[in-house]
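Working notes, structure below.
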2 protein chains.
Amino acid sequence: MRADAARNREKVLAAARELFASKGIDVPLDEIAAHAGVGPGTVYRHFPTKQALFQAVTDARVSAMVESAAAPAGDPGAALFAFLGRMADEAAAKRDLSDAITVPSELRDRLHAALGGLLERAQAAGAVRADVTTKDLVALMKGMLQSLHEGANPALLLEIVTSGLQSSRKP
Amino acid sequence: MRADAARNREKVLAAARELFASKGIDVPLDEIAAHAGVGPGTVYRHFPTKQALFQAVTDARVSAMVESAAAPAGDPGAALFAFLGRMADEAAAKRDLSDAITVPSELRDRLHAALGGLLERAQAAGAVRADVTTKDLVALMKGMLQSLHEGANPALLLEIVTSGLQSSRKP
DNA sequence: GACGATACGGAACGCACGCCCCGGTTGGCA
DNA sequence: TGCCAACCGGGGCGTGCGTTCCGTATCGTC
């Protein structure tokens with residue numbers, strides 16, 4: 001690969017990282033190109049599609065999340081809640097995480113599966129109420145990320161979600 | 001107003017109600033027109049803008065929600081939770097509610113204000129933890145609606161949110 | 001230092017959508 | 001029943017965005 005090509009590829013990636021993080025997947029590709037100081041055509045020389053560019057920016061981070069969810073931590077309940085906390089922290093800082101786990105992809109499916117595993121163990125340990133399904137948990141997580149983007153206090157939100165997930169207190 | 005005009009106006013409103021409810025504010029206006037069996041021009045003869053049509057469909061419902069939030073119910077805590085429950089029920093059935101309270105409008109602001117009032121009273125009665133702000137509550141509600149659209153169990157979700165909102169249990 | 005391959009920039013295309021306009025039609029009053 | 005105003009349908013315009021194409025500039029080799 002030519003030197004200028006490599007340089008431009010990096011400039012595009014840097015711009016994409018910044019803009020996807022601040023505005024999410026909806027930033028026009030032209031804006032990314034302009035911010036990188038290149039033409040749109042150049043972006044497409046390095047990434048076949050906008051999707052591909054987006055995944056180049058987010059895949060590693062999502063992958064890390066999946067692995068941290070798949071790795072067996074100590075206490076099952078704490079593991080689930082810690083994971084949700086990590087998710088919340090990351091999503092509070094970078095808007096693209098929510099998009100990355102919403103857009104259909106193999107990675108997204110793996111994340112959901114890993115979440116299911118965490119949930120199952122937490123429920124088996126009695127740390128989470130038994131009537132929560134994986135689908136519920138995934139939906140709850142997406143709602144949590146949405147709340148974050150609406151300006152909710154991340155720490156407070158996490159407390160609400162974790163305390164709400166714990167065994168019910170109804171008679 | 002001519003009879004056929006009134007008839008078409010109703011057909012448009014009916015189609016809009018159905019499609020906004022099932023697909024949200026993002027349905028193309030042409031689709032609404034086609035579903036009503038009229039041309040797009042006819043829609044614009046009765047409603048100056050897509051926004052106006054949307055509000056014609058949702059305003060009454062949102063207004064009812066605002067009033068039910070502004071009316072002083074019995075127990076402050078129960079009033080807040082009942083309102084969130086009503087919100088969840090409505091949003092689970094009709095997708096447009098979330099859009100209606102997200103798009104900037106005077107009604108949206110009144111809803112937020114009413115929510116603030118409910119929160120304040122619930123906190124004064126000790127039914128909700130004191131460190132929740134109105135902004136947090138609004139964000140939490142939007143997240144809840146998002147979770148609903150992702151397929152979460154409405155009843156379960158409501159339990160999680162209400163139990164999470166109650167006073168913290170940490171040492 | 002010249003030449004071929006490679007990469008660049010940006011104009012242009014296709015598409016979807018909100019919105020407008022106009023020729024034709026239809027309703028209801030005289 | 002005839003006439004005119006009101007109304008209809010749908011084609012068309014402007015915009016924004018993802019994507020492609022091509023003439024031109026640049027890199028790296030001989």
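Ordering of the structure tokens sets the chain letters (A, B, ...); residue numbers start at 1 within each chain; ligands are numbered from 1 in the order shown.
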Next on the checklist: So that I can check the surroundings of DT20 in chain D, please list as a list in words every protein, DNA and RNA residue that reaches within 10 Å of it, counting only C-alpha atoms (C1' of nucleotides) and ignoring chain neighbours fewer than 2 positions away.
Outcome noted: Gly41 and Tyr44 of chain A; DA12 and DC13 of chain C; DG18 and DC22 of chain D
Residues of chain A that have any atom at most 9 Å from an atom of chain C: could you tabulate them with the shortest-distance atom pair and the distance in Å to one decimal, using only C-alpha atoms (C1' of nucleotides), ordered by chain and increasing number, as a tab-separated table?
```
residue	atom	partner	partner_atom	distance
A:Met1	CA	C:DT6	C1'	8.9
A:Arg2	CA	C:DT6	C1'	7.6
A:Asp4	CA	C:DA7	C1'	8.1
A:Ala5	CA	C:DA7	C1'	6.7
A:Val38	CA	C:DG9	C1'	7.3
A:Gly39	CA	C:DG9	C1'	5.2
A:Pro40	CA	C:DG9	C1'	7.8
A:Gly41	CA	C:DG9	C1'	7.0
A:Thr42	CA	C:DC8	C1'	6.5
A:Arg45	CA	C:DA7	C1'	8.4
```
Kindly provide the residues of chain D that approach chain B to within 8 Å, each paired with its closest atom pair and their distance in Å to one decimal, based on only C-alpha atoms (C1' of nucleotides), listed by chain and increasing number, as CSV.
```
residue,atom,partner,partner_atom,distance
D:DA6,C1',B:Arg2,CA,7.5
D:DC7,C1',B:Ala5,CA,6.9
D:DC8,C1',B:Thr42,CA,6.6
D:DG9,C1',B:Gly39,CA,5.3
D:DG10,C1',B:Gly39,CA,6.6
```
List as a tab-separated table every residue of chain B that is in contact with chain A, defined as an atom at most 9 Å from one of its atoms (using only C-alpha atoms), together with the nearest atom pair and the distance in Å rounded to one decimal, sorted by chain and then rising number.
```
residue	atom	partner	partner_atom	distance
B:Asp131	CA	A:Leu156	CA	8.0
B:Val132	CA	A:Leu156	CA	7.6
B:Thr133	CA	A:Ala152	CA	8.8
B:Lys135	CA	A:Ala152	CA	6.6
B:Asp136	CA	A:Ala152	CA	4.5
B:Leu137	CA	A:Ala152	CA	7.8
B:Val138	CA	A:Glu150	CA	8.1
B:Ala139	CA	A:Ser147	CA	4.6
B:Leu140	CA	A:Ser147	CA	5.3
B:Met141	CA	A:Ser147	CA	7.7
B:Lys142	CA	A:Ser147	CA	6.3
B:Gly143	CA	A:Gly143	CA	3.9
B:Met144	CA	A:Gly143	CA	5.6
B:Leu145	CA	A:Gly143	CA	7.3
B:Gln146	CA	A:Gly143	CA	5.1
B:Ser147	CA	A:Ala139	CA	4.6
B:Leu148	CA	A:Ala139	CA	7.2
B:His149	CA	A:Ala139	CA	8.0
B:Glu150	CA	A:Ala139	CA	5.1
B:Gly151	CA	A:Ala139	CA	6.4
B:Ala152	CA	A:Asp136	CA	4.5
B:Asn153	CA	A:Asp136	CA	6.4
B:Leu156	CA	A:Val132	CA	7.6
B:Leu157	CA	A:Leu140	CA	7.7
B:Glu159	CA	A:Gly164	CA	7.4
B:Ile160	CA	A:Gly164	CA	4.2
B:Val161	CA	A:Gly164	CA	6.1
B:Thr162	CA	A:Gly164	CA	7.5
B:Ser163	CA	A:Gly164	CA	5.3
B:Gly164	CA	A:Ile160	CA	4.2
B:Leu165	CA	A:Ile160	CA	6.0
B:Gln166	CA	A:Ile160	CA	8.5
B:Ser168	CA	A:Ser163	CA	8.1
B:Arg169	CA	A:Ser163	CA	8.5
```
Using C-alpha atoms, can you export the residues from the last selection as a PDB file, in the first residue's frame?
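Final output, result-v3.pdb:
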```pdb
ATOM      1  CA  ASP B 131     -31.636  11.966  44.364  1.00  0.00           C
ATOM      2  CA  VAL B 132     -33.782  11.547  41.249  1.00  0.00           C
ATOM      3  CA  THR B 133     -34.223  14.732  39.240  1.00  0.00           C
ATOM      4  CA  LYS B 135     -34.467  15.218  33.993  1.00  0.00           C
ATOM      5  CA  ASP B 136     -33.563  11.754  35.233  1.00  0.00           C
ATOM      6  CA  LEU B 137     -37.192  10.756  35.404  1.00  0.00           C
ATOM      7  CA  VAL B 138     -37.931  11.988  31.904  1.00  0.00           C
ATOM      8  CA  ALA B 139     -34.899  10.188  30.544  1.00  0.00           C
ATOM      9  CA  LEU B 140     -35.854   7.064  32.459  1.00  0.00           C
ATOM     10  CA  MET B 141     -39.340   7.176  31.015  1.00  0.00           C
ATOM     11  CA  LYS B 142     -38.052   7.513  27.472  1.00  0.00           C
ATOM     12  CA  GLY B 143     -35.728   4.598  28.068  1.00  0.00           C
ATOM     13  CA  MET B 144     -38.667   2.614  29.367  1.00  0.00           C
ATOM     14  CA  LEU B 145     -40.638   3.304  26.200  1.00  0.00           C
ATOM     15  CA  GLN B 146     -37.630   2.282  24.134  1.00  0.00           C
ATOM     16  CA  SER B 147     -37.417  -0.977  26.055  1.00  0.00           C
ATOM     17  CA  LEU B 148     -41.069  -1.602  25.331  1.00  0.00           C
ATOM     18  CA  HIS B 149     -40.520  -1.217  21.623  1.00  0.00           C
ATOM     19  CA  GLU B 150     -37.661  -3.676  21.882  1.00  0.00           C
ATOM     20  CA  GLY B 151     -40.109  -6.221  23.143  1.00  0.00           C
ATOM     21  CA  ALA B 152     -39.726  -6.123  26.910  1.00  0.00           C
ATOM     22  CA  ASN B 153     -42.574  -7.440  29.019  1.00  0.00           C
ATOM     23  CA  LEU B 156     -42.171  -6.679  34.325  1.00  0.00           C
ATOM     24  CA  LEU B 157     -40.544  -3.538  33.054  1.00  0.00           C
ATOM     25  CA  GLU B 159     -42.110  -3.389  38.223  1.00  0.00           C
ATOM     26  CA  ILE B 160     -38.407  -2.999  37.643  1.00  0.00           C
ATOM     27  CA  VAL B 161     -38.662   0.737  37.156  1.00  0.00           C
ATOM     28  CA  THR B 162     -40.951   1.372  40.093  1.00  0.00           C
ATOM     29  CA  SER B 163     -38.977  -0.803  42.472  1.00  0.00           C
ATOM     30  CA  GLY B 164     -35.779   0.817  41.262  1.00  0.00           C
ATOM     31  CA  LEU B 165     -37.158   4.283  41.881  1.00  0.00           C
ATOM     32  CA  GLN B 166     -37.922   3.535  45.508  1.00  0.00           C
ATOM     33  CA  SER B 168     -32.114   3.033  48.011  1.00  0.00           C
ATOM     34  CA  ARG B 169     -31.125   0.144  50.192  1.00  0.00           C
TER      35      ARG B 169
END
```
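Restricting the calculation to only C-alpha atoms, the smallest distance between Leu29 in chain A and any of A:Lys50, A:Arg17, A:Gly77, A:Ala114 is found for A:Lys50.
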Checklist entry - What are the DSSP helix (DSSP H, G or I) residues of range 42-84 of chain A, as a VMD selection string? => result chain A and resid 42 to 46 50 to 70 76 to 84
May I have the selected residues written with C-alpha atoms, as a short mmCIF file (atom, residue, chain, number, x, y, z; two decimals), in the first residue's frame?
```
data_model
loop_
_atom_site.label_atom_id
_atom_site.label_comp_id
_atom_site.auth_asym_id
_atom_site.auth_seq_id
_atom_site.Cartn_x
_atom_site.Cartn_y
_atom_site.Cartn_z
CA THR A 42 -11.37 8.36 -0.82
CA VAL A 43 -13.41 7.01 2.04
CA TYR A 44 -14.94 4.47 -0.32
CA ARG A 45 -11.56 3.44 -1.62
CA HIS A 46 -10.71 2.19 1.86
CA LYS A 50 -20.50 3.13 5.41
CA GLN A 51 -21.45 0.06 7.43
CA ALA A 52 -17.95 -1.29 6.99
CA LEU A 53 -16.40 1.93 8.22
CA PHE A 54 -18.70 1.94 11.20
CA GLN A 55 -17.79 -1.62 12.08
CA ALA A 56 -14.11 -0.86 11.67
CA VAL A 57 -14.57 1.75 14.37
CA THR A 58 -16.81 -0.20 16.74
CA ASP A 59 -16.15 -3.90 16.26
CA ALA A 60 -13.11 -4.06 18.51
CA ARG A 61 -14.90 -2.32 21.34
CA VAL A 62 -18.02 -4.44 21.06
CA SER A 63 -15.87 -7.51 20.79
CA ALA A 64 -14.14 -6.57 24.04
CA MET A 65 -17.52 -6.19 25.71
CA VAL A 66 -18.62 -9.59 24.47
CA GLU A 67 -15.47 -11.21 25.80
CA SER A 68 -15.78 -9.54 29.16
CA ALA A 69 -19.34 -10.84 29.34
CA ALA A 70 -18.36 -14.32 28.28
CA PRO A 76 -22.71 -14.15 39.20
CA GLY A 77 -24.87 -11.25 40.31
CA ALA A 78 -21.95 -8.87 40.57
CA ALA A 79 -20.73 -10.01 37.15
CA LEU A 80 -23.99 -9.08 35.47
CA PHE A 81 -24.24 -5.75 37.21
CA ALA A 82 -20.62 -4.94 36.52
CA PHE A 83 -21.18 -5.66 32.88
CA LEU A 84 -24.18 -3.36 32.74
#
```
Next on the checklist: Using only C-alpha atoms (C1' of nucleotides), which protein or nucleic acid residues come within 7 Å of range 95-99 of chain B? Drop anything in the same chain fewer than 4 positions from it, and give the result as a PyMOL selection string.
Outcome noted: chain B and resi 20-25+91+103+145
Residues of the last selection are to be written out with N, CA and C atoms, as a PDB file, in the first residue's frame.
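Full text of selection.pdb as output:
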```pdb
ATOM      1  N   PHE B  20     -49.283   5.508  12.082  1.00  0.00           N
ATOM      2  CA  PHE B  20     -48.446   6.126  13.116  1.00  0.00           C
ATOM      3  C   PHE B  20     -48.369   5.216  14.329  1.00  0.00           C
ATOM      4  N   ALA B  21     -49.488   4.571  14.656  1.00  0.00           N
ATOM      5  CA  ALA B  21     -49.493   3.693  15.822  1.00  0.00           C
ATOM      6  C   ALA B  21     -48.578   2.490  15.618  1.00  0.00           C
ATOM      7  N   SER B  22     -48.592   1.940  14.409  1.00  0.00           N
ATOM      8  CA  SER B  22     -47.828   0.713  14.211  1.00  0.00           C
ATOM      9  C   SER B  22     -46.377   0.962  13.825  1.00  0.00           C
ATOM     10  N   LYS B  23     -46.093   2.069  13.133  1.00  0.00           N
ATOM     11  CA  LYS B  23     -44.720   2.277  12.667  1.00  0.00           C
ATOM     12  C   LYS B  23     -44.082   3.546  13.192  1.00  0.00           C
ATOM     13  N   GLY B  24     -44.819   4.352  13.906  1.00  0.00           N
ATOM     14  CA  GLY B  24     -44.235   5.577  14.430  1.00  0.00           C
ATOM     15  C   GLY B  24     -44.239   6.703  13.428  1.00  0.00           C
ATOM     16  N   ILE B  25     -43.647   7.812  13.821  1.00  0.00           N
ATOM     17  CA  ILE B  25     -43.725   9.036  13.034  1.00  0.00           C
ATOM     18  C   ILE B  25     -42.944   8.928  11.722  1.00  0.00           C
ATOM     19  N   ALA B  91     -47.913   3.131  25.335  1.00  0.00           N
ATOM     20  CA  ALA B  91     -46.767   3.043  24.424  1.00  0.00           C
ATOM     21  C   ALA B  91     -46.571   1.622  23.909  1.00  0.00           C
ATOM     22  N   VAL B 103     -40.603  14.670  20.041  1.00  0.00           N
ATOM     23  CA  VAL B 103     -40.616  15.830  19.167  1.00  0.00           C
ATOM     24  C   VAL B 103     -40.914  17.085  19.996  1.00  0.00           C
ATOM     25  N   LEU B 145     -39.866   3.449  27.441  1.00  0.00           N
ATOM     26  CA  LEU B 145     -40.638   3.304  26.200  1.00  0.00           C
ATOM     27  C   LEU B 145     -39.799   2.593  25.134  1.00  0.00           C
TER      28      LEU B 145
END
```
